[in-house]
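Colleague: File final-v3.json below, JSON, C-alpha atoms and all ligand atoms:
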```
[["chain", "number", "residue", "atom", "x", "y", "z"],
["A", 190, "MET", "CA", 97.52, 104.05, 56.75],
["A", 191, "LYS", "CA", 100.65, 104.34, 58.82],
["A", 192, "ILE", "CA", 101.88, 102.89, 62.10],
["A", 193, "GLU", "CA", 104.84, 104.56, 63.77],
["A", 194, "ILE", "CA", 106.60, 103.01, 66.73],
["A", 195, "GLN", "CA", 108.96, 105.30, 68.59],
["A", 196, "ASN", "CA", 111.47, 104.44, 71.32],
["A", 197, "LEU", "CA", 109.30, 101.62, 72.60],
["A", 198, "ASN", "CA", 110.35, 99.82, 75.78],
["A", 199, "GLN", "CA", 108.65, 97.06, 77.69],
["A", 200, "VAL", "CA", 110.00, 96.07, 81.06],
["A", 201, "TYR", "CA", 107.90, 93.52, 82.98],
["A", 202, "PRO", "CA", 107.53, 93.82, 86.77],
["A", 203, "ASN", "CA", 110.04, 90.97, 87.22],
["A", 204, "GLY", "CA", 112.67, 93.01, 85.38],
["A", 205, "ASN", "CA", 112.45, 91.23, 81.98],
["A", 206, "HIS", "CA", 113.35, 93.83, 79.38],
["A", 207, "ALA", "CA", 111.21, 92.44, 76.55],
["A", 208, "LEU", "CA", 111.48, 95.39, 74.12],
["A", 209, "LYS", "CA", 114.51, 97.65, 73.97],
["A", 210, "ASN", "CA", 114.05, 101.02, 72.34],
["A", 211, "ILE", "CA", 112.22, 99.81, 69.24],
["A", 212, "ASN", "CA", 111.69, 102.22, 66.34],
["A", 213, "LEU", "CA", 109.66, 100.97, 63.37],
["A", 214, "GLU", "CA", 107.29, 102.21, 60.73],
["A", 215, "PHE", "CA", 104.66, 100.28, 58.76],
["A", 216, "GLY", "CA", 102.70, 101.52, 55.75],
["A", 217, "THR", "CA", 100.07, 99.59, 53.82],
["A", 218, "GLY", "CA", 101.03, 96.04, 52.87],
["A", 219, "MET", "CA", 102.17, 92.93, 54.66],
["A", 220, "PHE", "CA", 104.98, 92.96, 57.19],
["A", 221, "GLY", "CA", 106.64, 90.06, 58.94],
["A", 222, "LEU", "CA", 107.90, 90.23, 62.48],
["A", 223, "LEU", "CA", 110.42, 87.44, 62.84],
["A", 224, "GLY", "CA", 112.47, 86.26, 65.76],
["A", 225, "PRO", "CA", 113.17, 83.27, 67.98],
["A", 226, "ASN", "CA", 111.06, 82.52, 71.06],
["A", 227, "GLY", "CA", 111.49, 85.21, 73.67],
["A", 228, "ALA", "CA", 112.46, 87.86, 71.10],
["A", 229, "GLY", "CA", 109.61, 90.15, 72.15],
["A", 230, "LYS", "CA", 107.17, 89.61, 69.28],
["A", 231, "SER", "CA", 104.08, 88.95, 71.40],
["A", 232, "SER", "CA", 104.91, 91.83, 73.72],
["A", 233, "LEU", "CA", 105.05, 94.16, 70.72],
["A", 234, "MET", "CA", 101.78, 92.78, 69.36],
["A", 235, "ARG", "CA", 99.99, 93.15, 72.68],
["A", 236, "ILE", "CA", 101.09, 96.78, 72.81],
["A", 237, "LEU", "CA", 99.99, 97.38, 69.20],
["A", 238, "VAL", "CA", 96.49, 96.10, 69.91],
["A", 239, "THR", "CA", 96.32, 98.11, 73.18],
["A", 240, "LEU", "CA", 96.06, 95.06, 75.41],
["A", 241, "MET", "CA", 99.16, 96.28, 77.19],
["A", 242, "LYS", "CA", 100.57, 99.73, 77.93],
["A", 243, "PRO", "CA", 104.28, 100.04, 77.15],
["A", 244, "THR", "CA", 106.73, 101.02, 79.88],
["A", 245, "SER", "CA", 107.84, 103.92, 77.71],
["A", 246, "GLY", "CA", 107.66, 105.08, 74.11],
["A", 247, "LEU", "CA", 104.91, 105.77, 71.66],
["A", 248, "VAL", "CA", 102.82, 103.97, 69.05],
["A", 249, "MET", "CA", 100.97, 106.20, 66.61],
["A", 250, "VAL", "CA", 98.41, 105.23, 64.01],
["A", 251, "ASN", "CA", 97.95, 107.90, 61.38],
["A", 252, "GLY", "CA", 99.65, 110.34, 63.72],
["A", 253, "LYS", "CA", 97.46, 109.54, 66.75],
["A", 254, "ASP", "CA", 98.80, 108.06, 69.98],
["A", 255, "ILE", "CA", 97.02, 104.71, 70.33],
["A", 256, "GLN", "CA", 96.93, 104.94, 74.12],
["A", 257, "LYS", "CA", 94.87, 108.11, 73.84],
["A", 258, "HIS", "CA", 92.64, 106.83, 71.04],
["A", 259, "ARG", "CA", 92.08, 103.21, 72.00],
["A", 260, "LYS", "CA", 88.45, 103.03, 71.03],
["A", 261, "GLU", "CA", 89.13, 104.51, 67.61],
["A", 262, "LEU", "CA", 92.02, 102.12, 67.03],
["A", 263, "ARG", "CA", 90.03, 99.08, 68.11],
["A", 264, "SER", "CA", 87.30, 99.95, 65.62],
["A", 265, "ILE", "CA", 89.77, 99.57, 62.74],
["A", 266, "LEU", "CA", 91.69, 96.63, 64.17],
["A", 267, "GLY", "CA", 91.48, 92.88, 63.56],
["A", 268, "TYR", "CA", 93.52, 90.68, 65.86],
["A", 269, "LEU", "CA", 94.24, 86.96, 65.86],
["A", 270, "PRO", "CA", 96.03, 86.19, 69.13],
["A", 271, "GLN", "CA", 98.51, 83.35, 69.45],
["A", 272, "ASP", "CA", 96.31, 81.44, 71.87],
["A", 273, "PHE", "CA", 93.04, 81.91, 70.00],
["A", 274, "ARG", "CA", 90.60, 79.26, 71.28],
["A", 275, "PHE", "CA", 87.02, 78.42, 70.53],
["A", 276, "PHE", "CA", 85.02, 78.42, 73.70],
["A", 277, "THR", "CA", 81.94, 77.25, 71.94],
["A", 278, "ALA", "CA", 80.25, 74.42, 70.15],
["A", 279, "LEU", "CA", 78.65, 76.85, 67.71],
["A", 280, "LYS", "CA", 78.59, 76.06, 64.03],
["A", 281, "THR", "CA", 81.24, 77.77, 61.96],
["A", 282, "TRP", "CA", 78.84, 80.32, 60.50],
["A", 283, "GLU", "CA", 77.20, 80.94, 63.89],
["A", 284, "PHE", "CA", 80.57, 81.66, 65.43],
["A", 285, "LEU", "CA", 81.34, 84.27, 62.77],
["A", 286, "ASP", "CA", 77.84, 85.68, 63.06],
["A", 287, "TYR", "CA", 78.45, 86.16, 66.77],
["A", 288, "ALA", "CA", 81.85, 87.77, 66.09],
["A", 289, "GLY", "CA", 80.10, 90.06, 63.60],
["A", 290, "SER", "CA", 77.57, 91.17, 66.23],
["A", 291, "LEU", "CA", 80.43, 91.94, 68.62],
["A", 292, "ALA", "CA", 82.14, 93.92, 65.87],
["A", 293, "GLY", "CA", 79.01, 96.07, 65.59],
["A", 294, "LEU", "CA", 77.38, 94.68, 62.44],
["A", 295, "LYS", "CA", 73.79, 95.25, 63.51],
["A", 296, "ASN", "CA", 71.87, 94.45, 60.33],
["A", 297, "ARG", "CA", 71.31, 90.69, 60.25],
["A", 298, "LYS", "CA", 71.04, 90.38, 56.50],
["A", 299, "GLU", "CA", 74.22, 92.35, 55.90],
["A", 300, "ARG", "CA", 75.96, 90.40, 58.63],
["A", 301, "MET", "CA", 75.01, 87.05, 57.08],
["A", 302, "ALA", "CA", 76.28, 88.21, 53.70],
["A", 303, "GLU", "CA", 79.54, 89.25, 55.33],
["A", 304, "VAL", "CA", 79.82, 85.88, 57.13],
["A", 305, "ASP", "CA", 79.50, 83.96, 53.87],
["A", 306, "ARG", "CA", 81.85, 86.31, 52.02],
["A", 307, "LEU", "CA", 84.51, 85.75, 54.68],
["A", 308, "LEU", "CA", 83.95, 81.99, 54.86],
["A", 309, "ASP", "CA", 84.50, 81.92, 51.12],
["A", 310, "GLN", "CA", 87.58, 84.11, 51.36],
["A", 311, "VAL", "CA", 89.29, 81.80, 53.86],
["A", 312, "GLY", "CA", 88.13, 78.63, 52.07],
["A", 313, "LEU", "CA", 85.63, 77.48, 54.69],
["A", 314, "LEU", "CA", 82.32, 77.89, 52.90],
["A", 315, "GLU", "CA", 81.86, 74.14, 52.71],
["A", 316, "ALA", "CA", 82.47, 73.86, 56.43],
["A", 317, "ARG", "CA", 79.93, 76.54, 57.33],
["A", 318, "ASP", "CA", 77.58, 74.10, 59.11],
["A", 319, "ARG", "CA", 80.27, 72.13, 60.91],
["A", 320, "ARG", "CA", 80.91, 72.77, 64.58],
["A", 321, "ALA", "CA", 83.79, 75.22, 64.97],
["A", 322, "ASN", "CA", 85.47, 73.24, 67.72],
["A", 323, "LYS", "CA", 85.48, 70.11, 65.53],
["A", 324, "LEU", "CA", 87.42, 71.70, 62.66],
["A", 325, "SER", "CA", 91.03, 70.72, 61.95],
["A", 326, "GLY", "CA", 93.83, 72.88, 63.38],
["A", 327, "GLY", "CA", 94.40, 74.65, 60.08],
["A", 328, "MET", "CA", 90.71, 75.29, 59.52],
["A", 329, "LYS", "CA", 90.39, 76.71, 63.03],
["A", 330, "ARG", "CA", 93.23, 79.08, 62.32],
["A", 331, "ARG", "CA", 91.52, 80.19, 59.09],
["A", 332, "LEU", "CA", 88.29, 80.70, 60.98],
["A", 333, "GLY", "CA", 90.37, 82.76, 63.40],
["A", 334, "ILE", "CA", 91.51, 85.01, 60.58],
["A", 335, "ALA", "CA", 87.92, 85.33, 59.31],
["A", 336, "GLN", "CA", 86.95, 86.40, 62.83],
["A", 337, "ALA", "CA", 89.74, 88.99, 62.80],
["A", 338, "LEU", "CA", 88.56, 90.28, 59.41],
["A", 339, "ILE", "CA", 84.92, 90.83, 60.21],
["A", 340, "GLY", "CA", 83.97, 94.50, 60.16],
["A", 341, "ASN", "CA", 86.61, 95.37, 57.53],
["A", 342, "PRO", "CA", 89.59, 96.22, 59.71],
["A", 343, "LYS", "CA", 92.31, 98.47, 58.32],
["A", 344, "ILE", "CA", 94.99, 96.97, 60.52],
["A", 345, "ILE", "CA", 95.25, 93.20, 60.86],
["A", 346, "ILE", "CA", 97.54, 91.69, 63.44],
["A", 347, "VAL", "CA", 98.22, 87.96, 63.57],
["A", 348, "ASP", "CA", 100.44, 86.45, 66.22],
["A", 349, "GLU", "CA", 102.25, 83.20, 65.31],
["A", 350, "PRO", "CA", 99.38, 81.94, 63.13],
["A", 351, "THR", "CA", 101.13, 78.97, 61.60],
["A", 352, "THR", "CA", 102.51, 77.26, 64.70],
["A", 353, "GLY", "CA", 101.46, 73.63, 64.63],
["A", 354, "LEU", "CA", 100.09, 73.71, 61.09],
["A", 355, "ASP", "CA", 101.18, 71.22, 58.46],
["A", 356, "PRO", "CA", 102.94, 72.62, 55.36],
["A", 357, "ASP", "CA", 99.82, 72.41, 53.22],
["A", 358, "GLU", "CA", 97.73, 74.43, 55.69],
["A", 359, "ARG", "CA", 100.58, 76.88, 56.21],
["A", 360, "ILE", "CA", 100.60, 77.65, 52.48],
["A", 361, "LYS", "CA", 96.81, 78.08, 52.44],
["A", 362, "PHE", "CA", 97.01, 80.45, 55.39],
["A", 363, "ARG", "CA", 99.79, 82.45, 53.76],
["A", 364, "ASN", "CA", 97.77, 82.75, 50.56],
["A", 365, "VAL", "CA", 94.78, 84.12, 52.47],
["A", 366, "LEU", "CA", 97.03, 86.76, 54.00],
["A", 367, "SER", "CA", 98.73, 87.72, 50.78],
["A", 368, "GLN", "CA", 95.38, 88.13, 49.04],
["A", 369, "LEU", "CA", 94.33, 90.45, 51.83],
["A", 370, "SER", "CA", 97.48, 92.48, 51.47],
["A", 371, "GLN", "CA", 96.35, 93.52, 47.98],
["A", 372, "HIS", "CA", 93.83, 95.79, 49.69],
["A", 373, "ASP", "CA", 94.46, 99.05, 51.46],
["A", 374, "VAL", "CA", 95.34, 97.47, 54.81],
["A", 375, "ILE", "CA", 98.32, 96.94, 57.06],
["A", 376, "ILE", "CA", 98.96, 93.31, 57.97],
["A", 377, "ILE", "CA", 101.51, 92.48, 60.62],
["A", 378, "LEU", "CA", 102.34, 88.83, 61.00],
["A", 379, "SER", "CA", 104.57, 87.57, 63.78],
["A", 380, "THR", "CA", 106.34, 84.26, 63.43],
["A", 381, "HIS", "CA", 109.39, 82.29, 64.51],
["A", 382, "ILE", "CA", 109.22, 80.30, 61.25],
["A", 383, "VAL", "CA", 111.41, 81.87, 58.59],
["A", 384, "GLY", "CA", 109.39, 80.21, 55.81],
["A", 385, "ASP", "CA", 106.34, 82.25, 56.81],
["A", 386, "ILE", "CA", 108.09, 85.37, 55.56],
["A", 387, "SER", "CA", 107.23, 85.15, 51.90],
["A", 388, "SER", "CA", 108.21, 87.43, 49.08],
["A", 389, "THR", "CA", 104.75, 88.99, 49.47],
["A", 390, "CYS", "CA", 106.02, 90.63, 52.67],
["A", 391, "GLN", "CA", 107.21, 94.03, 51.60],
["A", 392, "GLY", "CA", 109.03, 94.51, 54.83],
["A", 393, "MET", "CA", 110.30, 92.46, 57.69],
["A", 394, "ALA", "CA", 111.57, 93.24, 61.14],
["A", 395, "LEU", "CA", 113.94, 90.90, 62.90],
["A", 396, "LEU", "CA", 113.84, 90.91, 66.68],
["A", 397, "ASP", "CA", 116.32, 89.24, 68.97],
["A", 398, "ARG", "CA", 116.15, 89.40, 72.77],
["A", 399, "GLY", "CA", 114.11, 92.58, 72.65],
["A", 400, "GLU", "CA", 116.27, 94.35, 70.09],
["A", 401, "LEU", "CA", 115.48, 95.24, 66.52],
["A", 402, "VAL", "CA", 118.35, 93.79, 64.52],
["A", 403, "TYR", "CA", 117.06, 94.25, 60.98],
["A", 404, "TYR", "CA", 114.33, 96.16, 59.28],
["A", 405, "GLY", "CA", 114.02, 96.09, 55.52],
["A", 406, "SER", "CA", 112.84, 93.94, 52.67],
["A", 407, "PRO", "CA", 113.27, 90.13, 52.65],
["A", 408, "GLU", "CA", 115.23, 90.54, 49.39],
["A", 409, "ASN", "CA", 117.77, 92.85, 51.01],
["A", 410, "LEU", "CA", 118.19, 90.48, 53.92],
["A", 411, "VAL", "CA", 119.05, 87.74, 51.44],
["A", 412, "LYS", "CA", 121.50, 90.08, 49.65],
["A", 413, "HIS", "CA", 123.41, 90.58, 52.91],
["A", 414, "ALA", "CA", 124.12, 86.86, 52.99],
["A", 415, "GLU", "CA", 125.45, 86.66, 49.42],
["A", 416, "GLY", "CA", 128.99, 85.27, 49.35],
["A", 417, "HIS", "CA", 128.61, 83.95, 52.89],
["A", 418, "VAL", "CA", 126.93, 80.61, 52.32],
["A", 419, "PHE", "CA", 128.96, 77.57, 51.29],
["A", 420, "LYS", "CA", 128.52, 73.94, 50.43],
["A", 421, "LEU", "CA", 131.18, 71.46, 51.54],
["A", 422, "ASN", "CA", 131.63, 67.74, 50.99],
["A", 423, "LEU", "CA", 133.18, 66.31, 54.10],
["A", 424, "THR", "CA", 134.34, 63.04, 55.55],
["A", 425, "PRO", "CA", 132.89, 62.29, 58.98],
["A", 426, "TYR", "CA", 136.23, 63.33, 60.53],
["A", 427, "GLU", "CA", 136.27, 66.66, 58.67],
["A", 428, "TYR", "CA", 132.65, 67.24, 59.58],
["A", 429, "GLU", "CA", 133.49, 67.01, 63.28],
["A", 430, "LYS", "CA", 136.15, 69.72, 62.81],
["A", 431, "VAL", "CA", 133.96, 72.01, 60.67],
["A", 432, "LYS", "CA", 131.13, 71.76, 63.19],
["A", 433, "GLU", "CA", 133.42, 73.25, 65.84],
["A", 434, "ILE", "CA", 134.34, 76.30, 63.77],
["A", 435, "TYR", "CA", 131.44, 77.11, 61.47],
["A", 436, "ASN", "CA", 127.75, 77.64, 61.71],
["A", 437, "VAL", "CA", 126.26, 74.55, 60.08],
["A", 438, "ILE", "CA", 122.83, 75.08, 58.52],
["A", 439, "SER", "CA", 122.16, 71.69, 57.00],
["A", 440, "THR", "CA", 123.71, 68.26, 56.77],
["A", 441, "ILE", "CA", 122.82, 65.66, 54.16],
["A", 442, "PRO", "CA", 124.52, 62.25, 54.05],
["A", 443, "ASN", "CA", 126.33, 61.32, 50.79],
["A", 444, "GLU", "CA", 128.64, 58.49, 49.62],
["A", 445, "THR", "CA", 131.77, 59.83, 51.31],
["A", 446, "GLY", "CA", 130.30, 61.36, 54.43],
["A", 447, "TRP", "CA", 128.28, 64.58, 54.54],
["A", 448, "GLU", "CA", 127.22, 67.39, 52.28],
["A", 449, "VAL", "CA", 127.15, 70.34, 54.62],
["A", 450, "GLN", "CA", 125.99, 73.94, 54.24],
["A", 451, "VAL", "CA", 127.59, 76.59, 56.42],
["A", 452, "VAL", "CA", 127.39, 80.37, 56.80],
["A", 453, "SER", "CA", 130.69, 82.10, 57.28],
["A", 454, "ASP", "CA", 132.37, 85.47, 56.74],
["A", 455, "ASP", "CA", 135.46, 83.90, 55.24],
["A", 456, "VAL", "CA", 135.70, 81.11, 52.68],
["A", 457, "PRO", "CA", 136.13, 77.82, 54.54],
["A", 458, "ASP", "CA", 138.72, 75.25, 53.36],
["A", 459, "TYR", "CA", 137.67, 71.81, 52.12],
["A", 460, "ASN", "CA", 136.94, 72.96, 48.52],
["A", 461, "ALA", "CA", 134.00, 75.05, 49.65],
["A", 462, "ILE", "CA", 131.59, 76.10, 46.91],
["A", 463, "SER", "CA", 129.74, 79.37, 47.35],
["A", 464, "ILE", "CA", 125.96, 78.97, 46.89],
["A", 465, "ASP", "CA", 123.08, 81.41, 46.47],
["A", 466, "PRO", "CA", 121.53, 82.17, 49.83],
["A", 467, "ASP", "CA", 117.83, 81.83, 50.53],
["A", 468, "ILE", "CA", 115.96, 83.56, 53.32],
["A", 469, "GLU", "CA", 116.72, 80.80, 55.84],
["A", 470, "HIS", "CA", 120.45, 81.14, 55.19],
["A", 471, "ALA", "CA", 120.14, 84.91, 55.43],
["A", 472, "TYR", "CA", 118.31, 84.63, 58.75],
["A", 473, "VAL", "CA", 121.03, 82.48, 60.28],
["A", 474, "TYR", "CA", 123.76, 84.72, 58.87],
["A", 475, "TYR", "CA", 122.09, 87.84, 60.15],
["A", 476, "MET", "CA", 121.32, 86.48, 63.60],
["A", 477, "GLU", "CA", 124.89, 85.25, 63.97],
["A", 478, "HIS", "CA", 126.53, 88.42, 62.81],
["A", 479, "LYS", "CA", 124.10, 91.04, 64.12],
["A", 480, "LEU", "CA", 124.75, 93.53, 61.38],
["A", 481, "HIS", "CA", 123.61, 97.09, 61.99],
["A", 482, "THR", "CA", 119.93, 97.94, 61.83],
["A", 483, "THR", "CA", 118.85, 98.83, 58.34],
["A", 484, "LEU", "CA", 115.86, 101.04, 57.80],
["A", 485, "ILE", "CA", 113.49, 100.46, 54.91],
["A", 486, "ASP", "CA", 113.77, 102.98, 52.08],
["B", 1, "LIG", "P1", 108.07, 86.11, 71.72],
["B", 1, "LIG", "O1", 106.64, 86.39, 71.39],
["B", 1, "LIG", "O2", 109.01, 86.62, 70.66],
["B", 1, "LIG", "O3", 108.33, 84.68, 72.07],
["B", 1, "LIG", "P2", 107.54, 87.52, 74.20],
["B", 1, "LIG", "O4", 107.13, 88.91, 73.94],
["B", 1, "LIG", "O5", 106.49, 86.53, 74.56],
["B", 1, "LIG", "O6", 108.45, 86.99, 73.01],
["B", 1, "LIG", "O7", 108.60, 87.53, 75.41],
["B", 1, "LIG", "C1", 109.73, 88.41, 75.41],
["B", 1, "LIG", "C2", 110.43, 88.29, 76.77],
["B", 1, "LIG", "O8", 109.56, 88.80, 77.79],
["B", 1, "LIG", "C3", 110.76, 86.87, 77.19],
["B", 1, "LIG", "O9", 111.97, 86.88, 77.90],
["B", 1, "LIG", "C4", 109.61, 86.49, 78.09],
["B", 1, "LIG", "O10", 110.00, 85.54, 79.03],
["B", 1, "LIG", "C5", 109.29, 87.81, 78.76],
["B", 1, "LIG", "N1", 107.87, 87.94, 79.13],
["B", 1, "LIG", "C6", 106.79, 87.85, 78.33],
["B", 1, "LIG", "N2", 105.64, 88.04, 79.02],
["B", 1, "LIG", "C7", 106.03, 88.28, 80.29],
["B", 1, "LIG", "C8", 105.32, 88.58, 81.50],
["B", 1, "LIG", "N3", 103.98, 88.67, 81.52],
["B", 1, "LIG", "N4", 106.04, 88.75, 82.62],
["B", 1, "LIG", "C9", 107.39, 88.66, 82.62],
["B", 1, "LIG", "N5", 108.12, 88.40, 81.53],
["B", 1, "LIG", "C10", 107.46, 88.22, 80.37]]
```
What does this structure look like when you write it as structure tokens?
Modeller:
Amino acid sequence: MKIEIQNLNQVYPNGNHALKNINLEFGTGMFGLLGPNGAGKSSLMRILVTLMKPTSGLVMVNGKDIQKHRKELRSILGYLPQDFRFFTALKTWEFLDYAGSLAGLKNRKERMAEVDRLLDQVGLLEARDRRANKLSGGMKRRLGIAQALIGNPKIIIVDEPTTGLDPDERIKFRNVLSQLSQHDVIIILSTHIVGDISSTCQGMALLDRGELVYYGSPENLVKHAEGHVFKLNLTPYEYEKVKEIYNVISTIPNETGWEVQVVSDDVPDYNAISIDPDIEHAYVYYMEHKLHTTLID
């Protein structure tokens, strides 16, 4: 499986240039699409699932232009949109059963087996007889992913799935996705939450105001930030000065004032200690410095 995105542009009728000449390639595995609100993630996802035609450029799945082979693409696609809502008071299993019928699973017995297999996979088997619209936010999101998975899609696209979930549910959701990524599928996950990009993502694309600013592994992104993250112990007065000059990532109160973490190209004064970056540090560093686009090996 391969998705190739070539010179993709999206300009909305009001002139918003939401995607600026994007070039990307995804093979099997899990990929994260990360960027702040307005970066262009949803626009890219809507184009990928053929809900929207790009202004210019091409998306190819296994060498075929998706605009010319929509039906074929949709038959191998599972999509969980950002604003996925339940319009029904159906029971959880009934909802999936219905989704299965829409996905073309005609044989009732096979469909029921698939419904239970998926409920189990997303950890909702015990909730199978509860009304779908009465489930908790996290459970609804997991039911959403089960709905996207019915019919064995080869490409799974999930748009901002963890927004509004508590940490516990976010982890559960991430685990469901990383289990899926063991199979021969492409999973593309869009998020504005850096923590959603786990080490199970073999690649990540960083978007900012319509531009691709990084494409590579999460590990390499972190490497770029090595030697650029510092810990400082500051008095309140010093903190005010540092805040003006440096990009402060975190601030924790201590006995003398503040323990502050900053990203910076040069070593700050105030007895700065260099610390190992994590992906959040790397994200801030990268977004601030806009290094050149790196293509995955
Ligand atoms: P993200 O999903 O990263 O938040 P979006 O793709 O939703 O980004 O939006 C990218 C840019 O395109 C934003 O500036 C947004 O305001 C604009 N945009 C999105 N949808 C529309 C639309 N239907 N009409 C005009 N502008 C839009």
Colleague: Please identify every polymer residue within 12 Å of ligand LIG 1 (chain B), using all atoms listed in the file, and present the set as JSON, numbers by chain.
Modeller: {"A": [198, 199, 200, 201, 202, 203, 204, 205, 206, 207, 208, 209, 222, 223, 224, 225, 226, 227, 228, 229, 230, 231, 232, 233, 234, 235, 236, 240, 241, 243, 270, 271, 272, 347, 348, 349, 350, 352, 378, 379, 380, 381, 382, 394, 395, 396, 397, 398, 399, 400, 401]}
Colleague: Using Å and a single decimal, report how far CA of Thr239 in chain A sits from CA of Ser387 in chain A.
Modeller: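 Computed distance, CA of Ser387 in chain A to CA of Thr239 in chain A, equals 27.2 Å.
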Colleague: Would you kindly return, as an MDAnalysis selection string, each protein, DNA or RNA residue with an atom no farther than 9 Å from any atom of Val250 in chain A, considering only C-alpha atoms and excluding same-chain residues fewer than 6 positions away?
Modeller: chainID A and resid 190:194 262
Colleague: Using all atoms listed in the file, which of the listed residues (A:Ala302, A:Val383, A:Trp282, A:Tyr404) sits closest to Glu214 in chain A?
Modeller: A:Tyr404
Colleague: Using all atoms listed in the file, pick whichever of A:His372, A:Gly446, A:Val238, A:Leu285 has the shortest atom-to-atom distance to Lys260 in chain A.
Modeller: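 For Lys260 in chain A, the nearest of the given residues is A:Val238.
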Colleague: Taking 4 positions as the minimum chain separation for residues in the same chain, which residues sit within 7 Å of Met393 in chain A when counting all atoms listed in the file? Answer as a list in words.
Modeller: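 Listed by chain and then number, they are Phe220, Gly221, Leu222, Tyr404, Gly405, Ser406 and Pro407 of chain A.
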Colleague: Quick one: write out the picked residues with C-alpha atoms as a compact mmCIF listing (two decimals), in the coordinates of the input?
Modeller:
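Written out: part_33.txt:
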```txt
# COMPACT_ATOMS: atom_id res chain seq x y z
CA PHE A 220 104.98 92.96 57.19
CA GLY A 221 106.64 90.06 58.94
CA LEU A 222 107.90 90.23 62.48
CA TYR A 404 114.33 96.16 59.28
CA GLY A 405 114.02 96.09 55.52
CA SER A 406 112.84 93.94 52.67
CA PRO A 407 113.27 90.13 52.65
```
Colleague: Have a look at A:Glu358, A:Asp254, A:Asp286, A:Glu299 and name the one nearest to Lys329 in chain A; count only C-alpha atoms.
Modeller: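 Looking at the shortest contact to Lys329 in chain A, the residue is A:Glu358.
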Colleague: So which residues touch Lys432 in chain A within 12 Å, counting all atoms listed in the file, skipping near sequence neighbours fewer than 6 positions away, as a PyMOL selection string?
Modeller: chain A and resi 421+423+425-426+438-440+447+449-453+457
Colleague: Calculated over only C-alpha atoms, which of the candidates A:Leu313, A:Ala337, A:Cys390, A:Val431 has the smallest distance to Ser325 in chain A?
Modeller: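 The closest residue to Ser325 in chain A is A:Leu313.
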Colleague: Interatomic distance between CA of Glu444 in chain A and CA of Thr424 in chain A?
Modeller: 9.4 Å
Colleague: Using CA of Ile211 in chain A and CA of Ser264 in chain A as the two end points, give the distance in Å to one decimal.
Modeller: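 Taking CA of Ile211 in chain A as the start and CA of Ser264 in chain A as the end point, the length is 25.2 Å.
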Colleague: Here is a test: counting all atoms listed in the file, which residue of A:Met219, A:Ile346, A:Leu354, A:Leu197 is nearest to Gly392 in chain A?
Modeller: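 With all atoms listed in the file as the atom set, the closest residue is A:Met219.
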Colleague: Ranking A:Glu315, A:Glu427, A:Gly416, A:Pro442 by minimum distance to Ala471 in chain A and counting only C-alpha atoms, which one comes first?
Modeller: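 Once distances to Ala471 in chain A are computed over only C-alpha atoms, the minimum belongs to A:Gly416.
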